[in-house]
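Undergrad: Below you'll find my_file11.cif; it's mmCIF, C-alpha atoms.
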```cif
data_entry
loop_
_atom_site.label_atom_id
_atom_site.label_comp_id
_atom_site.auth_asym_id
_atom_site.auth_seq_id
_atom_site.Cartn_x
_atom_site.Cartn_y
_atom_site.Cartn_z
CA MET Z 1 26.11 101.82 20.96
CA LYS Z 2 23.64 99.02 21.72
CA TYR Z 3 24.48 95.32 21.94
CA LEU Z 4 22.25 92.26 22.14
CA PHE Z 5 23.63 88.99 23.44
CA ALA Z 6 21.66 86.25 21.70
CA GLU Z 7 21.60 82.58 20.86
CA ASN Z 8 21.96 81.49 17.25
CA TYR Z 9 18.48 80.00 16.91
CA ARG Z 10 17.74 77.27 14.45
CA GLU Z 11 14.33 77.35 12.82
CA ASP Z 12 11.92 75.27 14.89
CA GLY Z 13 8.88 75.43 12.64
CA LYS Z 14 5.62 75.21 14.54
CA ASN Z 15 6.99 75.49 18.08
CA ALA Z 16 6.23 78.94 19.52
CA GLY Z 17 8.52 78.43 22.50
CA SER Z 18 11.26 80.75 21.23
CA LYS Z 19 9.08 83.38 19.53
CA ALA Z 20 9.24 85.83 22.43
CA ARG Z 21 13.04 85.75 22.35
CA LYS Z 22 13.17 86.04 18.58
CA ASP Z 23 10.83 89.04 18.70
CA VAL Z 24 13.14 90.77 21.19
CA GLU Z 25 16.05 90.13 18.84
CA GLN Z 26 14.11 91.49 15.86
CA ILE Z 27 13.15 94.64 17.76
CA LEU Z 28 16.75 95.25 18.86
CA ASP Z 29 17.98 94.59 15.30
CA ALA Z 30 15.61 97.28 14.02
CA MET Z 31 17.00 99.66 16.65
CA GLY Z 32 20.50 99.15 15.27
CA ALA Z 33 21.83 96.93 18.06
CA LYS Z 34 24.86 94.81 17.29
CA ARG Z 35 24.41 91.11 17.99
CA VAL Z 36 26.93 89.16 19.99
CA VAL Z 37 26.20 85.49 19.26
CA LEU Z 38 26.53 83.27 22.32
CA TYR Z 39 26.02 79.74 21.04
CA SER Z 40 23.47 77.57 19.24
CA PRO Z 41 20.80 75.56 21.05
CA GLY Z 42 21.86 71.94 20.84
CA ASP Z 43 25.57 72.68 21.17
CA SER Z 44 27.39 70.33 23.52
CA GLY Z 45 28.33 71.56 26.98
CA ILE Z 46 32.01 71.92 26.15
CA THR Z 47 31.18 73.77 22.90
CA VAL Z 48 28.96 76.22 24.77
CA PHE Z 49 31.65 76.78 27.39
CA LEU Z 50 34.32 77.50 24.75
CA LYS Z 51 32.01 79.85 22.85
CA LEU Z 52 31.17 81.75 26.04
CA LEU Z 53 34.89 82.15 26.76
CA ARG Z 54 35.27 83.72 23.30
CA VAL Z 55 32.31 85.99 24.05
CA PHE Z 56 34.01 87.12 27.28
CA ALA Z 57 37.23 87.93 25.42
CA TYR Z 58 35.44 89.66 22.54
CA SER Z 59 33.22 91.73 24.83
CA ILE Z 60 36.01 93.00 27.06
CA ALA Z 61 38.12 93.93 24.01
CA ASN Z 62 35.48 95.31 21.65
CA ILE Z 63 32.33 96.57 23.37
CA GLU Z 64 32.41 100.36 23.40
CA GLN Z 65 32.62 102.46 26.54
CA ASN Z 66 29.31 103.66 28.04
CA SER Z 67 27.23 101.51 25.70
CA PHE Z 68 24.14 99.40 26.45
CA VAL Z 69 23.99 95.60 26.62
CA LEU Z 70 20.74 93.61 26.73
CA ILE Z 71 20.70 89.96 27.76
CA GLN Z 72 17.63 87.72 27.94
CA HIS Z 73 16.92 85.40 30.87
CA PRO Z 74 16.95 82.49 31.40
CA TYR Z 75 19.45 80.33 29.60
CA ILE Z 76 19.32 76.62 30.36
CA PRO Z 77 21.15 75.26 32.28
CA PHE Z 78 21.15 78.16 34.72
CA LYS Z 79 24.95 78.23 34.97
CA TYR Z 80 25.00 79.95 31.56
CA SER Z 81 22.79 82.75 32.90
CA SER Z 82 25.09 83.03 35.89
CA LEU Z 83 28.18 83.31 33.66
CA LEU Z 84 26.55 86.02 31.55
CA SER Z 85 25.59 87.99 34.65
CA THR Z 86 29.25 87.90 35.70
CA LEU Z 87 30.24 89.27 32.30
CA ALA Z 88 27.61 92.00 32.61
CA CYS Z 89 29.05 92.99 35.98
CA ILE Z 90 32.60 93.12 34.55
CA LEU Z 91 31.51 95.25 31.57
CA HIS Z 92 29.76 97.69 33.88
CA ARG Z 93 32.82 98.07 36.10
CA ILE Z 94 35.55 98.39 33.47
CA LYS Z 95 33.67 100.04 30.58
CA GLY Z 96 30.75 101.87 32.18
CA VAL Z 97 28.31 99.73 30.23
CA THR Z 98 24.62 99.92 31.19
CA THR Z 99 23.43 96.34 31.49
CA VAL Z 100 19.81 95.28 30.99
CA LEU Z 101 18.29 91.88 31.77
CA LEU Z 102 14.96 90.99 30.14
CA VAL Z 103 13.22 88.26 32.13
CA HIS Z 104 11.10 85.71 30.29
CA ASP Z 105 10.81 83.33 33.24
CA VAL Z 106 11.75 83.28 36.91
CA LEU Z 107 13.05 79.72 37.11
CA SER Z 108 13.11 79.53 40.90
CA VAL Z 109 9.36 80.13 40.96
CA ARG Z 110 8.38 78.26 37.84
CA LEU Z 111 10.54 75.15 38.31
CA GLY Z 112 11.73 75.37 41.91
CA LYS Z 113 15.37 75.55 40.86
CA PRO Z 114 17.83 77.19 41.04
CA SER Z 115 17.20 78.62 44.49
CA VAL Z 116 15.58 82.05 44.73
CA GLU Z 117 18.78 83.37 46.30
CA LYS Z 118 20.93 82.24 43.37
CA GLU Z 119 18.59 83.67 40.77
CA ILE Z 120 18.19 87.02 42.55
CA SER Z 121 21.97 87.21 42.95
CA CYS Z 122 22.19 86.85 39.18
CA PHE Z 123 19.60 89.62 38.66
CA ASN Z 124 21.43 91.97 41.02
CA ARG Z 125 24.46 92.06 38.74
CA TYR Z 126 22.48 94.10 36.19
CA ASP Z 127 21.66 97.79 36.23
CA TYR Z 128 18.11 97.18 35.01
CA VAL Z 129 15.79 94.18 35.15
CA ILE Z 130 12.76 94.16 32.85
CA CYS Z 131 10.07 91.96 34.39
CA HIS Z 132 6.47 91.19 33.43
CA ASN Z 133 4.19 93.10 35.80
CA SER Z 134 3.70 94.58 39.28
CA GLN Z 135 3.23 91.17 40.92
CA MET Z 136 6.53 89.91 39.52
CA GLU Z 137 8.22 93.17 40.49
CA GLN Z 138 7.02 92.75 44.10
CA LEU Z 139 8.14 89.12 44.11
CA LEU Z 140 11.66 90.10 43.02
CA LYS Z 141 11.93 92.99 45.47
CA SER Z 142 10.65 90.94 48.39
CA ASN Z 143 13.39 88.40 47.68
CA GLY Z 144 16.16 90.99 47.62
CA CYS Z 145 16.37 92.28 44.06
CA THR Z 146 18.10 95.67 44.16
CA SER Z 147 18.37 96.38 40.44
CA ASP Z 148 16.20 99.09 38.89
CA ILE Z 149 13.08 97.15 37.82
CA LYS Z 150 10.99 98.09 34.79
CA LYS Z 151 7.71 96.42 33.85
CA LEU Z 152 6.89 95.22 30.35
CA MET Z 153 3.16 94.65 31.11
CA VAL Z 154 2.55 92.70 27.89
CA PHE Z 155 4.94 90.91 25.53
CA ASP Z 156 5.15 92.00 21.93
CA TYR Z 157 4.02 89.58 19.22
CA LEU Z 158 5.52 90.56 15.90
CA ILE Z 159 3.49 89.53 12.88
CA GLU Z 160 2.54 90.87 9.47
CA ASP Z 161 -0.25 93.41 9.87
CA ARG Z 162 -3.05 91.74 7.97
CA ASN Z 163 -6.67 92.84 8.32
CA LYS Z 164 -8.41 91.38 11.38
CA GLN Z 165 -11.85 92.84 10.73
CA ASN Z 166 -13.18 89.37 9.89
CA SER Z 167 -13.03 88.77 13.66
CA ASN Z 168 -16.24 90.83 13.93
CA CYS Z 169 -18.16 87.67 13.05
CA CYS Z 170 -16.53 85.52 15.75
CA ASP Z 171 -18.82 83.20 17.70
CA ILE Z 172 -18.93 84.49 21.26
CA ASN Z 173 -19.63 80.94 22.46
CA THR Z 174 -16.38 79.58 20.97
CA ILE Z 175 -13.14 79.73 22.95
CA ALA Z 176 -9.59 79.18 21.68
CA VAL Z 177 -7.02 77.32 23.79
CA ALA Z 178 -3.49 77.62 22.38
CA GLY Z 179 -0.07 76.51 23.56
CA ASN Z 180 1.39 73.48 25.29
CA LEU Z 181 -1.48 70.99 25.50
CA THR Z 182 0.28 68.21 27.38
CA LYS Z 183 -1.42 66.80 30.47
CA ASP Z 184 1.30 68.18 32.71
CA LYS Z 185 0.66 71.74 31.55
CA SER Z 186 -2.99 71.73 30.45
CA GLY Z 187 -4.68 68.76 32.09
CA TYR Z 188 -7.85 70.84 32.48
CA ILE Z 189 -8.62 70.54 28.74
CA TYR Z 190 -9.81 66.98 29.40
CA GLU Z 191 -12.56 68.38 31.63
CA LEU Z 192 -13.82 70.97 29.14
CA ASN Z 193 -16.46 68.50 27.92
CA ARG Z 194 -18.31 69.26 31.17
CA ILE Z 195 -19.01 72.80 29.91
CA GLU Z 196 -21.41 71.59 27.24
CA SER Z 197 -22.91 74.93 26.19
CA LEU Z 198 -19.58 76.26 24.93
CA GLU Z 199 -17.26 75.15 22.13
CA PHE Z 200 -13.48 74.92 22.61
CA GLU Z 201 -10.93 74.98 19.79
CA LEU Z 202 -7.44 73.70 20.62
CA TYR Z 203 -4.19 74.72 18.92
CA GLY Z 204 -0.80 73.30 19.83
CA GLN Z 205 1.19 70.17 20.60
CA GLY Z 206 0.72 67.35 23.08
CA VAL Z 207 -3.04 66.81 22.98
CA GLN Z 208 -4.63 63.36 23.26
CA GLY Z 209 -7.58 64.02 20.97
CA ASP Z 210 -9.49 60.80 21.55
CA ILE Z 211 -10.63 61.82 25.04
CA LEU Z 212 -11.51 65.47 24.56
CA GLY Z 213 -15.29 65.45 24.16
CA GLU Z 214 -17.82 66.50 21.51
CA ASN Z 215 -17.60 70.22 22.29
CA VAL Z 216 -13.79 70.24 22.10
CA CYS Z 217 -12.16 70.33 18.67
CA TYR Z 218 -8.44 69.96 18.01
CA LYS Z 219 -7.44 72.30 15.18
CA GLY Z 220 -3.77 71.40 14.82
CA THR Z 221 -0.37 73.02 15.14
CA PHE Z 222 0.76 76.09 13.22
CA ALA Z 223 3.79 78.35 13.03
CA PRO Z 224 3.51 81.15 15.63
CA GLU Z 225 3.49 83.83 12.91
CA ASP Z 226 0.62 82.09 11.13
CA LEU Z 227 -1.45 81.12 14.18
CA PRO Z 228 -3.10 84.55 14.71
CA TYR Z 229 -4.71 84.19 11.29
CA ARG Z 230 -5.90 80.64 11.97
CA ILE Z 231 -7.78 81.42 15.19
CA SER Z 232 -11.29 82.75 14.66
CA SER Z 233 -12.81 81.98 18.07
CA GLY Z 234 -14.67 84.57 20.09
CA TRP Z 235 -12.28 84.39 23.06
CA GLY Z 236 -8.78 83.24 23.96
CA LEU Z 237 -8.30 81.29 27.19
CA VAL Z 238 -5.30 81.70 29.52
CA TRP Z 239 -5.52 78.89 32.09
CA ASP Z 240 -3.13 76.33 33.57
CA GLY Z 241 -3.32 73.23 35.71
CA ASP Z 242 -5.22 69.97 35.95
CA TYR Z 243 -8.75 71.19 36.59
CA ILE Z 244 -11.38 73.60 35.29
CA GLY Z 245 -12.23 74.53 38.90
CA THR Z 246 -9.04 76.52 39.51
CA CYS Z 247 -5.48 76.99 38.30
CA GLY Z 248 -3.63 74.64 40.61
CA GLY Z 249 -0.16 73.19 41.05
CA LYS Z 250 3.13 74.84 40.11
CA ASN Z 251 1.78 76.11 36.81
CA GLY Z 252 -1.23 77.68 38.47
CA GLU Z 253 0.92 79.26 41.17
CA TYR Z 254 3.22 80.70 38.50
CA LEU Z 255 0.25 82.39 36.81
CA LYS Z 256 0.09 84.68 39.86
CA TYR Z 257 3.35 86.29 38.70
CA ASN Z 258 3.77 85.46 35.03
CA ASN Z 259 2.54 87.12 31.83
CA PRO Z 260 1.93 84.09 29.58
CA HIS Z 261 2.99 84.73 26.00
CA LYS Z 262 -0.39 83.40 24.84
CA LEU Z 263 -1.97 86.62 26.15
CA SER Z 264 -0.03 88.42 23.43
CA LEU Z 265 -1.02 85.74 20.93
CA TYR Z 266 -4.72 86.27 21.58
CA ILE Z 267 -4.34 90.06 21.40
CA SER Z 268 -2.59 89.63 18.06
CA CYS Z 269 -5.61 87.54 16.99
CA GLY Z 270 -7.84 90.50 17.82
CA ILE Z 271 -9.97 88.58 20.32
CA PRO Z 272 -10.84 89.26 23.99
CA VAL Z 273 -9.25 87.13 26.71
CA ILE Z 274 -10.57 84.91 29.48
CA THR Z 275 -8.33 84.21 32.47
CA TRP Z 276 -8.23 83.24 36.14
CA THR Z 277 -9.19 85.84 38.76
CA GLU Z 278 -5.92 85.24 40.64
CA ALA Z 279 -3.67 85.44 37.58
CA ALA Z 280 -1.26 88.37 37.42
CA ILE Z 281 -2.66 89.32 34.01
CA SER Z 282 -6.20 89.61 35.40
CA ASN Z 283 -5.43 93.18 36.46
CA TYR Z 284 -4.25 94.05 32.96
CA VAL Z 285 -7.32 92.41 31.40
CA ILE Z 286 -9.74 94.26 33.69
CA GLU Z 287 -8.03 97.66 33.59
CA ASN Z 288 -7.78 97.66 29.80
CA GLU Z 289 -11.26 96.11 29.37
CA ILE Z 290 -10.01 93.41 27.01
CA GLY Z 291 -11.77 90.39 28.47
CA ILE Z 292 -13.28 88.66 31.48
CA VAL Z 293 -11.95 86.84 34.54
CA VAL Z 294 -13.42 83.84 36.38
CA SER Z 295 -12.37 81.77 39.36
CA ASP Z 296 -13.80 78.55 37.87
CA LEU Z 297 -14.29 77.72 34.18
CA SER Z 298 -17.71 76.29 34.97
CA GLU Z 299 -18.76 79.94 35.52
CA LEU Z 300 -18.15 80.74 31.85
CA PRO Z 301 -21.60 80.00 30.37
CA ASP Z 302 -23.34 82.46 32.71
CA THR Z 303 -20.50 85.00 32.56
CA ILE Z 304 -20.41 85.03 28.76
CA LYS Z 305 -24.21 85.16 28.63
CA GLY Z 306 -23.96 88.36 30.67
CA VAL Z 307 -21.71 90.05 28.08
CA SER Z 308 -23.85 92.16 25.75
CA LYS Z 309 -23.02 92.59 22.06
CA GLU Z 310 -22.09 96.20 22.79
CA LYS Z 311 -19.77 95.20 25.64
CA TYR Z 312 -18.11 92.50 23.56
CA SER Z 313 -17.64 94.93 20.67
CA CYS Z 314 -16.02 97.42 23.07
CA MET Z 315 -13.65 94.71 24.35
CA ARG Z 316 -12.63 93.88 20.79
CA GLU Z 317 -11.95 97.51 19.99
CA ASN Z 318 -9.74 97.77 23.07
CA VAL Z 319 -7.91 94.60 22.05
CA LEU Z 320 -7.30 95.97 18.56
CA LYS Z 321 -5.78 99.16 19.99
CA ILE Z 322 -3.24 97.13 21.96
CA ARG Z 323 -2.72 94.83 18.98
CA LYS Z 324 -1.48 97.73 16.85
CA LYS Z 325 1.26 98.33 19.42
CA ILE Z 326 2.47 94.82 20.18
CA ILE Z 327 2.67 93.61 16.58
CA ASN Z 328 5.10 96.49 16.02
CA GLY Z 329 7.20 95.95 19.14
CA GLU Z 330 6.01 99.07 20.95
CA SER Z 331 5.75 97.40 24.37
CA LEU Z 332 9.49 96.73 24.61
CA LYS Z 333 10.43 99.94 22.80
CA MET Z 334 8.58 101.98 25.43
CA VAL Z 335 10.55 100.37 28.27
CA LEU Z 336 13.84 100.79 26.44
CA ARG Z 337 13.07 104.46 25.94
CA GLU Z 338 12.64 104.81 29.72
CA ILE Z 339 16.06 103.24 30.20
CA GLY Z 340 17.59 105.52 27.56
CA MET Z 341 18.48 102.63 25.26
CA GLN Z 342 16.53 103.86 22.22
#
```
Can I see the file as structure tokens?
TA:
Amino acid sequence: MKYLFAENYREDGKNAGSKARKDVEQILDAMGAKRVVLYSPGDSGITVFLKLLRVFAYSIANIEQNSFVLIQHPYIPFKYSSLLSTLACILHRIKGVTTVLLVHDVLSVRLGKPSVEKEISCFNRYDYVICHNSQMEQLLKSNGCTSDIKKLMVFDYLIEDRNKQNSNCCDINTIAVAGNLTKDKSGYIYELNRIESLEFELYGQGVQGDILGENVCYKGTFAPEDLPYRISSGWGLVWDGDYIGTCGGKNGEYLKYNNPHKLSLYISCGIPVITWTEAAISNYVIENEIGIVVSDLSELPDTIKGVSKEKYSCMRENVLKIRKKIINGESLKMVLREIGMQ
């Protein structure tokens, strides 16, 4: 038997922040997993605590012997993740349950808290940890993670499979920037007006549109399931930080280990990707020939000029091959098959 421990999400409209988690839930539902509802986002602290106590009691009494349990990480505040890891450890010991942790973010690296030691201690209570890529795997191992680590490589992005052939007429000189557009996360967008020969189309929340520049157009905010059919740019940009010259600060540093969900968004759009040379996903982009990497966004005009129509067409074909898999949840399913959970 398979179990999925999950929050009771409320619909959040145009915010894509929880889509990755919801997609995991949908994939596990289709596999016949039984949901164990933890709590609802927005519940008070005491309500969450009482609900988690009920989950402990229910799990110990009702989860079948030698079954599989999948839990997603992190839950905020971190103490909830820590409590769930304790439950996972108990279920493994008394019921022979195989416990699986799917990591969306490593908080100690992304936010600087909790400490690396606390977070790794939490990870080590699981039989398997599903992380993003080889760089994240090495980061976890070098900090003492002893669980069996599996790599997802790219997040799934479940959407209706509409025809994306209209992307053949995309303008190769137009670049989509989607996601959190606040200055803290994407301050570099206010320097894009310096790259005058290219057009940038922005999708998401938090932008201050009056200071963007003539070559930067704000397109609005859309539901994550609808967004892939709104974007018609020639490329999708994965970049973080304050400047176009490099991906700096905590967000830039985190790109060295993280697989941003927007990579999956752009693949679901059927368009090639542009990212930073030092980003963890740069290896995936290069090896699968689905885009280009640069160390500085000011390099883009010359780099894009050097991409022939034939090369661009080949990139798009490679993107579409991966798209067929991730819009159907095949990335996670493949890892779960390795674990024996499917």
Undergrad: Evaluate the PyMOL selection byres ((chain Z and resi 127) around 6) and record the selected residues as a list in words, following the chain and residue labels used in the document.
TA: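 The output of the PyMOL selection byres ((chain Z and resi 127) around 6) on this file is Thr99, Tyr126, Tyr128 and Ser147 of chain Z.
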Undergrad: For Z:Glu64, which of Z:Ser85, Z:Thr98, Z:Thr303, Z:Gln135 is the closest residue, counting only C-alpha atoms?
TA: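 Closest candidate: Z:Thr98.
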Undergrad: Considering only C-alpha atoms, can you say which of Z:Ala88, Z:Ala61, Z:Leu332, Z:Val238 comes closest to Z:Thr277?
TA: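 Looking only at the distances to Z:Thr277, the closest residue turns out to be Z:Val238.
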Undergrad: Of the candidates Z:Cys145, Z:Ile211, Z:Tyr266, Z:Pro228, which one gets nearest to Z:Cys131 if we count only C-alpha atoms?
TA: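 Using only C-alpha atoms, the shortest distance to Z:Cys131 belongs to Z:Cys145.
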Undergrad: Translate the PyMOL selection byres ((chain Z and resi 198-205) around 8) into a concrete residue list for this structure, as a short mmCIF file (atom, residue, chain, number, x, y, z; two decimals) with C-alpha atoms, keeping the file's coordinate frame.
TA:
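Written output follows (expr.cif):
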```cif
data_model
loop_
_atom_site.label_atom_id
_atom_site.label_comp_id
_atom_site.auth_asym_id
_atom_site.auth_seq_id
_atom_site.Cartn_x
_atom_site.Cartn_y
_atom_site.Cartn_z
CA ASN Z 173 -19.63 80.94 22.46
CA THR Z 174 -16.38 79.58 20.97
CA ILE Z 175 -13.14 79.73 22.95
CA ALA Z 176 -9.59 79.18 21.68
CA VAL Z 177 -7.02 77.32 23.79
CA ALA Z 178 -3.49 77.62 22.38
CA GLY Z 179 -0.07 76.51 23.56
CA ASN Z 180 1.39 73.48 25.29
CA LEU Z 181 -1.48 70.99 25.50
CA THR Z 182 0.28 68.21 27.38
CA LEU Z 192 -13.82 70.97 29.14
CA ILE Z 195 -19.01 72.80 29.91
CA GLU Z 196 -21.41 71.59 27.24
CA SER Z 197 -22.91 74.93 26.19
CA GLY Z 206 0.72 67.35 23.08
CA VAL Z 207 -3.04 66.81 22.98
CA ASN Z 215 -17.60 70.22 22.29
CA VAL Z 216 -13.79 70.24 22.10
CA CYS Z 217 -12.16 70.33 18.67
CA TYR Z 218 -8.44 69.96 18.01
CA LYS Z 219 -7.44 72.30 15.18
CA GLY Z 220 -3.77 71.40 14.82
CA THR Z 221 -0.37 73.02 15.14
CA PHE Z 222 0.76 76.09 13.22
CA SER Z 233 -12.81 81.98 18.07
CA PRO Z 301 -21.60 80.00 30.37
#
```
Undergrad: What is the atom CA of Z:Ile60 to atom CA of Z:Met341 distance in Å?
TA: 20.1 Å
Undergrad: Considering only C-alpha atoms, state which residue in the set Z:Lys324, Z:Lys113, Z:His104, Z:His73 is at the smallest distance from Z:Leu152.
TA: Z:His104
